[in-house]
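These notes are about the structure you will find just below.
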Amino acid sequence: MYAWRAMKDTPKKTSGQTGHGLVLAPMEGVMDSIMRDLLTGIGGYDRCVTEFVRISQTVLPARVFHRLCPELLTGGTTPSGTPVFVQLLGSDPALMARNARVASDLGARGIDLNFGCPAKTVNKSQGGAVLLKAPDVLGSICTAVREAIPDNIPVTAKIRLGFEDDSQFETIAAAALAGGISELTVHARTRRQGYRPPAHWSRLANISAMAATAGVRVIANGELWSPGDVLRCQAASGCSDFMLARGALCRPDLGRIVRCALSDTAQATPIEGVMAWTDIPHLLRTYLHRNAAQYDPRYACNPLKQWLVYLQYHYPQAGALFARVKRVRDFDEMDRALAAEEHILPAAA
Ligand SMILES: Cc1cc2nc3c(=O)[nH]c(=O)nc-3n(C[C@H](O)[C@H](O)[C@H](O)COP(=O)(O)O)c2cc1C
């Protein structure tokens with residue numbers, strides 16, 4: 001049994017400090033600056049990471065980094081003050097280093113390196129999870145990026161257990177650590193295992209102990225849908241730091257309730273701050289409007305429907321709402337549907 005308390009007054013910790021670190025995962029096509037703002041605003045997270053920025057042949061101009069990480073224009077944090085790390089995906093150490101330098105000069109709070117993306121198109125161009133097959137290259141990328149940017153900007157890496165199987169996991173992790181990274185996130189599945197449950201948290205135990213001796217924290221990731229999952233993962237992996245991905249979309253309050261479950265006072269304090277379905281339509285409406293304003297009202301319904309698909313795993317009402325709006329493509333019609341769900345009428349034009 002967990003006891004919850006409101007998170008509003010919870011002091012921010014970073015995973016570089018003692019205690020637990022909680023990171024909001026990078027998710028291409030979903031975790032853009034709007035979603036990062038909404039979820040970190042609800043609370044619990046120490047840090048978030050951008051969708052990957054693909055580095056293939058050139059040093060990207062500032063506008064590309066600003067598009068994927070508009071937070072660079074406002075001090076590198078979300079409006080709630082949560083630092084945003086810029087994630088790079090590519091295979092050429094020198095080019096990755098030059099792009100990392102651009103991102104850090106633009107004010108990135110940290111650089112995260114993606115060695116986990118399973119997409120065939122990405123892997124074909126030698127980026128993402130395919131580098132798990134080449135630990136030496138993976139290590140060289142970490143080293144080159146580490147050397148290219150100021151010491152006070154952390155370099156972190158995100159890996160899987162391996163490509164086909166997990167037999168090289170220790171070698172891969174050691175290569176990343178030797179490259180001078182400050183934190184290692186491990187999605188506890190191989191590339192072949194994709195996103196299929198289970199995640200093999202216990203596989204992280206040796207590495208997290210080994211990394212700890214080098215002062216590097218290992219962040220456990222994969223199949224963390226509830227506070228109970230996080231506590232089970234903690235027990236199996238020995239990790240104190242966690243990255244929440246799809247679970248954070250299913251439950252917008254997951255960060256803060258996980259934070260409560262991990263807190264030292266979890267036994268004693270009453271439950272507060274859990275979001276009921278009645279809290280969600282307003283959030284959805286904010287999301288719709290922000291998408292229309294930041295991108296294009298003609299396409300604002302698509303991300304909204306995508307989020308509903310995730311939300312239905314925790315809120316059955318989201319499934320019912322999705323069934324009602326799945327054919328809606330018009331912004332105003334969607335807004336009216338959400339307003340009805342919210343039990344308020346849209347303001348008269
Ligand atoms: C739609 C989607 C997009 C993703 N995009 C990224 C990405 O851009 N960079 C990355 O490192 N991982 C990405 N991931 C992987 C997640 O960050 C995370 O490692 C994975 O979903 C496992 O965690 P989970 O089981 O809690 O969802 C993505 C996952 C999904 C489902």
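Every chain in the structure tokens takes a letter, A first, then B, and so on in the order presented; its residues are numbered from 1, and the ligands are numbered from 1 following the presented order.
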- Query: Could you pull the residues within 9 Å of Glu147 (chain A), counting only C-alpha atoms, minus those fewer than 4 positions along the same chain, as a PyMOL selection string?
  - Reply: chain A and resi 97+142-143+151+180
- Message: At a cut-off of 8 Å around ligand 1, and using only C-alpha atoms and all ligand atoms, what residues come up? Please write them as a PyMOL selection string.
- Response: chain A and resi 25-31+50-53+87+113-117+158-159+186-188+195+197+199+221-225+243-248
- Message: Quick check for you: according to DSSP on this backbone, which residues of region 54-200 of chain A are classed as strand (DSSP E or B)? Reply as a ChimeraX atom specification.
- Response: /A:54,77,83-89,111-115,155-162,183-190
Writing out the chosen residues with C-alpha atoms as an mmCIF file, in the first residue's frame:
```cif
data_model
loop_
_atom_site.group_PDB
_atom_site.id
_atom_site.type_symbol
_atom_site.label_atom_id
_atom_site.label_comp_id
_atom_site.auth_asym_id
_atom_site.auth_seq_id
_atom_site.Cartn_x
_atom_site.Cartn_y
_atom_site.Cartn_z
ATOM 1 C CA ARG A 54 18.871 13.031 -36.146
ATOM 2 C CA THR A 77 13.838 24.344 -18.881
ATOM 3 C CA PRO A 83 15.691 20.937 -17.221
ATOM 4 C CA VAL A 84 15.456 19.594 -20.767
ATOM 5 C CA PHE A 85 18.310 17.550 -22.230
ATOM 6 C CA VAL A 86 18.698 17.497 -26.017
ATOM 7 C CA GLN A 87 18.898 13.994 -27.446
ATOM 8 C CA LEU A 88 21.142 13.331 -30.457
ATOM 9 C CA LEU A 89 21.032 10.260 -32.677
ATOM 10 C CA ILE A 111 23.165 16.139 -24.101
ATOM 11 C CA ASP A 112 21.649 12.668 -24.249
ATOM 12 C CA LEU A 113 22.858 10.128 -26.812
ATOM 13 C CA ASN A 114 20.364 7.713 -28.343
ATOM 14 C CA PHE A 115 21.640 4.144 -28.742
ATOM 15 C CA VAL A 155 26.470 13.937 -21.282
ATOM 16 C CA THR A 156 24.154 10.960 -20.785
ATOM 17 C CA ALA A 157 23.474 7.890 -22.890
ATOM 18 C CA LYS A 158 20.412 5.714 -23.430
ATOM 19 C CA ILE A 159 20.969 2.097 -24.405
ATOM 20 C CA ARG A 160 19.117 -1.206 -24.570
ATOM 21 C CA LEU A 161 20.372 -4.558 -23.269
ATOM 22 C CA GLY A 162 21.703 -5.444 -26.693
ATOM 23 C CA GLU A 183 24.377 8.849 -16.383
ATOM 24 C CA LEU A 184 23.326 5.753 -18.251
ATOM 25 C CA THR A 185 19.695 5.011 -18.988
ATOM 26 C CA VAL A 186 18.960 1.393 -19.795
ATOM 27 C CA HIS A 187 15.752 0.357 -21.538
ATOM 28 C CA ALA A 188 15.732 -3.176 -20.128
ATOM 29 C CA ARG A 189 15.022 -4.990 -23.390
ATOM 30 C CA THR A 190 17.013 -5.846 -26.480
#
```
- Message: List the spatial neighbours of Ala214 (chain A) as number ranges by chain - criterion: any atom at most 12 Å away, only C-alpha atoms, same-chain residues fewer than 2 positions off excluded.
- Response: A: 174, 177-178, 180-184, 207-212, 216-218
Near region 282-296 of chain A, 12 Å: region 36-84 of chain A residue rows, closest pairs, only C-alpha atoms, as CSV:
```
residue,atom,partner,partner_atom,distance
A:Arg36,CA,A:Tyr287,CA,10.9
A:Asp37,CA,A:Tyr287,CA,9.9
A:Leu38,CA,A:Leu283,CA,7.9
A:Leu39,CA,A:Leu283,CA,9.9
A:Gly41,CA,A:Leu283,CA,11.1
A:Ile42,CA,A:Leu283,CA,10.3
A:Arg67,CA,A:Gln294,CA,10.3
A:Leu68,CA,A:Gln294,CA,11.9
A:Pro70,CA,A:Gln294,CA,10.6
```
Under the rule of at most 12 Å, produce a per-residue listing of region 223-278 of chain A near region 311-327 of chain A: chain, number, name, the closest pair of atoms, and the distance in Å, as a Markdown table, using only C-alpha atoms.
```
| residue | atom | partner | partner_atom | distance |
| --- | --- | --- | --- | --- |
| A:Trp225 | CA | A:His314 | CA | 9.4 |
| A:Ser226 | CA | A:His314 | CA | 10.0 |
| A:Arg246 | CA | A:Leu311 | CA | 9.7 |
| A:Gly247 | CA | A:His314 | CA | 9.0 |
| A:Ala248 | CA | A:Leu311 | CA | 9.3 |
| A:Leu249 | CA | A:Leu311 | CA | 6.5 |
| A:Cys250 | CA | A:Leu311 | CA | 4.2 |
| A:Arg251 | CA | A:His314 | CA | 6.3 |
| A:Pro252 | CA | A:Leu311 | CA | 8.4 |
| A:Asp253 | CA | A:His314 | CA | 10.9 |
| A:Leu254 | CA | A:His314 | CA | 10.6 |
| A:Met275 | CA | A:Tyr315 | CA | 10.3 |
| A:Ala276 | CA | A:Tyr315 | CA | 8.4 |
| A:Trp277 | CA | A:Tyr315 | CA | 6.5 |
| A:Thr278 | CA | A:Gln317 | CA | 9.7 |
```
Could you write out that same residue set with N, CA and C atoms as a PDB file, in the first residue's frame?
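Dumped everything to result-v3.pdb:
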```
ATOM      1  N   TRP A 225       4.641   1.344 -15.325  1.00  0.00           N
ATOM      2  CA  TRP A 225       3.288   1.878 -15.559  1.00  0.00           C
ATOM      3  C   TRP A 225       2.642   2.391 -14.279  1.00  0.00           C
ATOM      4  N   SER A 226       3.225   2.034 -13.133  1.00  0.00           N
ATOM      5  CA  SER A 226       2.585   2.362 -11.855  1.00  0.00           C
ATOM      6  C   SER A 226       3.656   2.502 -10.783  1.00  0.00           C
ATOM      7  N   ARG A 246       5.855   5.392 -21.735  1.00  0.00           N
ATOM      8  CA  ARG A 246       4.433   5.291 -22.103  1.00  0.00           C
ATOM      9  C   ARG A 246       3.524   5.432 -20.892  1.00  0.00           C
ATOM     10  N   GLY A 247       3.983   4.948 -19.743  1.00  0.00           N
ATOM     11  CA  GLY A 247       3.178   5.066 -18.524  1.00  0.00           C
ATOM     12  C   GLY A 247       2.838   6.512 -18.197  1.00  0.00           C
ATOM     13  N   ALA A 248       3.778   7.413 -18.512  1.00  0.00           N
ATOM     14  CA  ALA A 248       3.563   8.831 -18.206  1.00  0.00           C
ATOM     15  C   ALA A 248       2.467   9.431 -19.080  1.00  0.00           C
ATOM     16  N   LEU A 249       2.276   8.843 -20.270  1.00  0.00           N
ATOM     17  CA  LEU A 249       1.205   9.328 -21.150  1.00  0.00           C
ATOM     18  C   LEU A 249      -0.138   8.742 -20.723  1.00  0.00           C
ATOM     19  N   CYS A 250      -0.109   7.511 -20.217  1.00  0.00           N
ATOM     20  CA  CYS A 250      -1.353   6.866 -19.777  1.00  0.00           C
ATOM     21  C   CYS A 250      -1.888   7.526 -18.514  1.00  0.00           C
ATOM     22  N   ARG A 251      -0.972   7.947 -17.672  1.00  0.00           N
ATOM     23  CA  ARG A 251      -1.324   8.563 -16.387  1.00  0.00           C
ATOM     24  C   ARG A 251      -0.550   9.855 -16.252  1.00  0.00           C
ATOM     25  N   PRO A 252      -1.150  10.990 -16.554  1.00  0.00           N
ATOM     26  CA  PRO A 252      -0.388  12.244 -16.487  1.00  0.00           C
ATOM     27  C   PRO A 252       0.165  12.546 -15.096  1.00  0.00           C
ATOM     28  N   ASP A 253      -0.431  11.953 -14.052  1.00  0.00           N
ATOM     29  CA  ASP A 253       0.081  12.203 -12.694  1.00  0.00           C
ATOM     30  C   ASP A 253       1.107  11.158 -12.262  1.00  0.00           C
ATOM     31  N   LEU A 254       1.546  10.300 -13.182  1.00  0.00           N
ATOM     32  CA  LEU A 254       2.427   9.195 -12.775  1.00  0.00           C
ATOM     33  C   LEU A 254       3.712   9.701 -12.107  1.00  0.00           C
ATOM     34  N   MET A 275      -4.907  12.347 -10.004  1.00  0.00           N
ATOM     35  CA  MET A 275      -5.826  12.946 -10.983  1.00  0.00           C
ATOM     36  C   MET A 275      -6.952  11.974 -11.332  1.00  0.00           C
ATOM     37  N   ALA A 276      -8.166  12.454 -11.159  1.00  0.00           N
ATOM     38  CA  ALA A 276      -9.342  11.673 -11.567  1.00  0.00           C
ATOM     39  C   ALA A 276      -9.655  12.006 -13.022  1.00  0.00           C
ATOM     40  N   TRP A 277     -10.532  11.229 -13.636  1.00  0.00           N
ATOM     41  CA  TRP A 277     -10.914  11.499 -15.031  1.00  0.00           C
ATOM     42  C   TRP A 277     -11.463  12.921 -15.185  1.00  0.00           C
ATOM     43  N   THR A 278     -12.152  13.417 -14.167  1.00  0.00           N
ATOM     44  CA  THR A 278     -12.723  14.767 -14.269  1.00  0.00           C
ATOM     45  C   THR A 278     -11.641  15.838 -14.443  1.00  0.00           C
TER      46      THR A 278
END
```
- Item | Residue set, region 113-348 of chain A restricted to alpha helix (DSSP H), as an NGL selection string | :A and (120-124 or 135-148 or 169-178 or 205-213 or 227-237 or 246-250 or 254-262 or 280-294 or 301-311 or 316-325 or 331-342)
- Skipping near chain neighbours, those fewer than 6 positions away, what residues fall within 12 Å of Pro150 (chain A) using only C-alpha atoms, listed as a list in words? Ala97, Ala100, Arg101, Val102, Ala103, Ser104, Asp105, Gly107, Ala108, Arg109, Gly110 and Ile111 of chain A
Quick one: write out the picked residues with C-alpha atoms as a short mmCIF file (atom, residue, chain, number, x, y, z; two decimals), in the first residue's frame?
```
data_model
loop_
_atom_site.label_atom_id
_atom_site.label_comp_id
_atom_site.auth_asym_id
_atom_site.auth_seq_id
_atom_site.Cartn_x
_atom_site.Cartn_y
_atom_site.Cartn_z
CA ALA A 97 30.45 16.21 -31.22
CA ALA A 100 26.47 18.62 -29.42
CA ARG A 101 28.57 21.76 -29.24
CA VAL A 102 25.91 23.72 -31.13
CA ALA A 103 23.20 22.45 -28.78
CA SER A 104 25.24 23.27 -25.69
CA ASP A 105 26.11 26.74 -27.04
CA GLY A 107 21.86 26.54 -23.83
CA ALA A 108 21.04 22.82 -23.65
CA ARG A 109 21.11 21.68 -20.02
CA GLY A 110 22.57 18.34 -21.07
CA ILE A 111 23.16 16.14 -24.10
#
```
- Choose the residue, out of A:Leu106, A:Ala94, A:Ala205, A:Ser80, that has the smallest atom-to-atom separation from Ala62 (chain A); count only C-alpha atoms. A:Leu106
- Long-range neighbours of Gly90 (chain A) as a list in words, 8 Å cut-off, only C-alpha atoms, 4 positions minimum in chain: Arg54, Ile55, Ser56, Met96, Asn114, Gln126, Gly127 and Gly128 of chain A
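Each of A:Cys260, A:Met334, A:Ile280, A:Ile172 was checked against Ala300 (chain A) using only C-alpha atoms; the smallest atom-to-atom distance is that of A:Met334.
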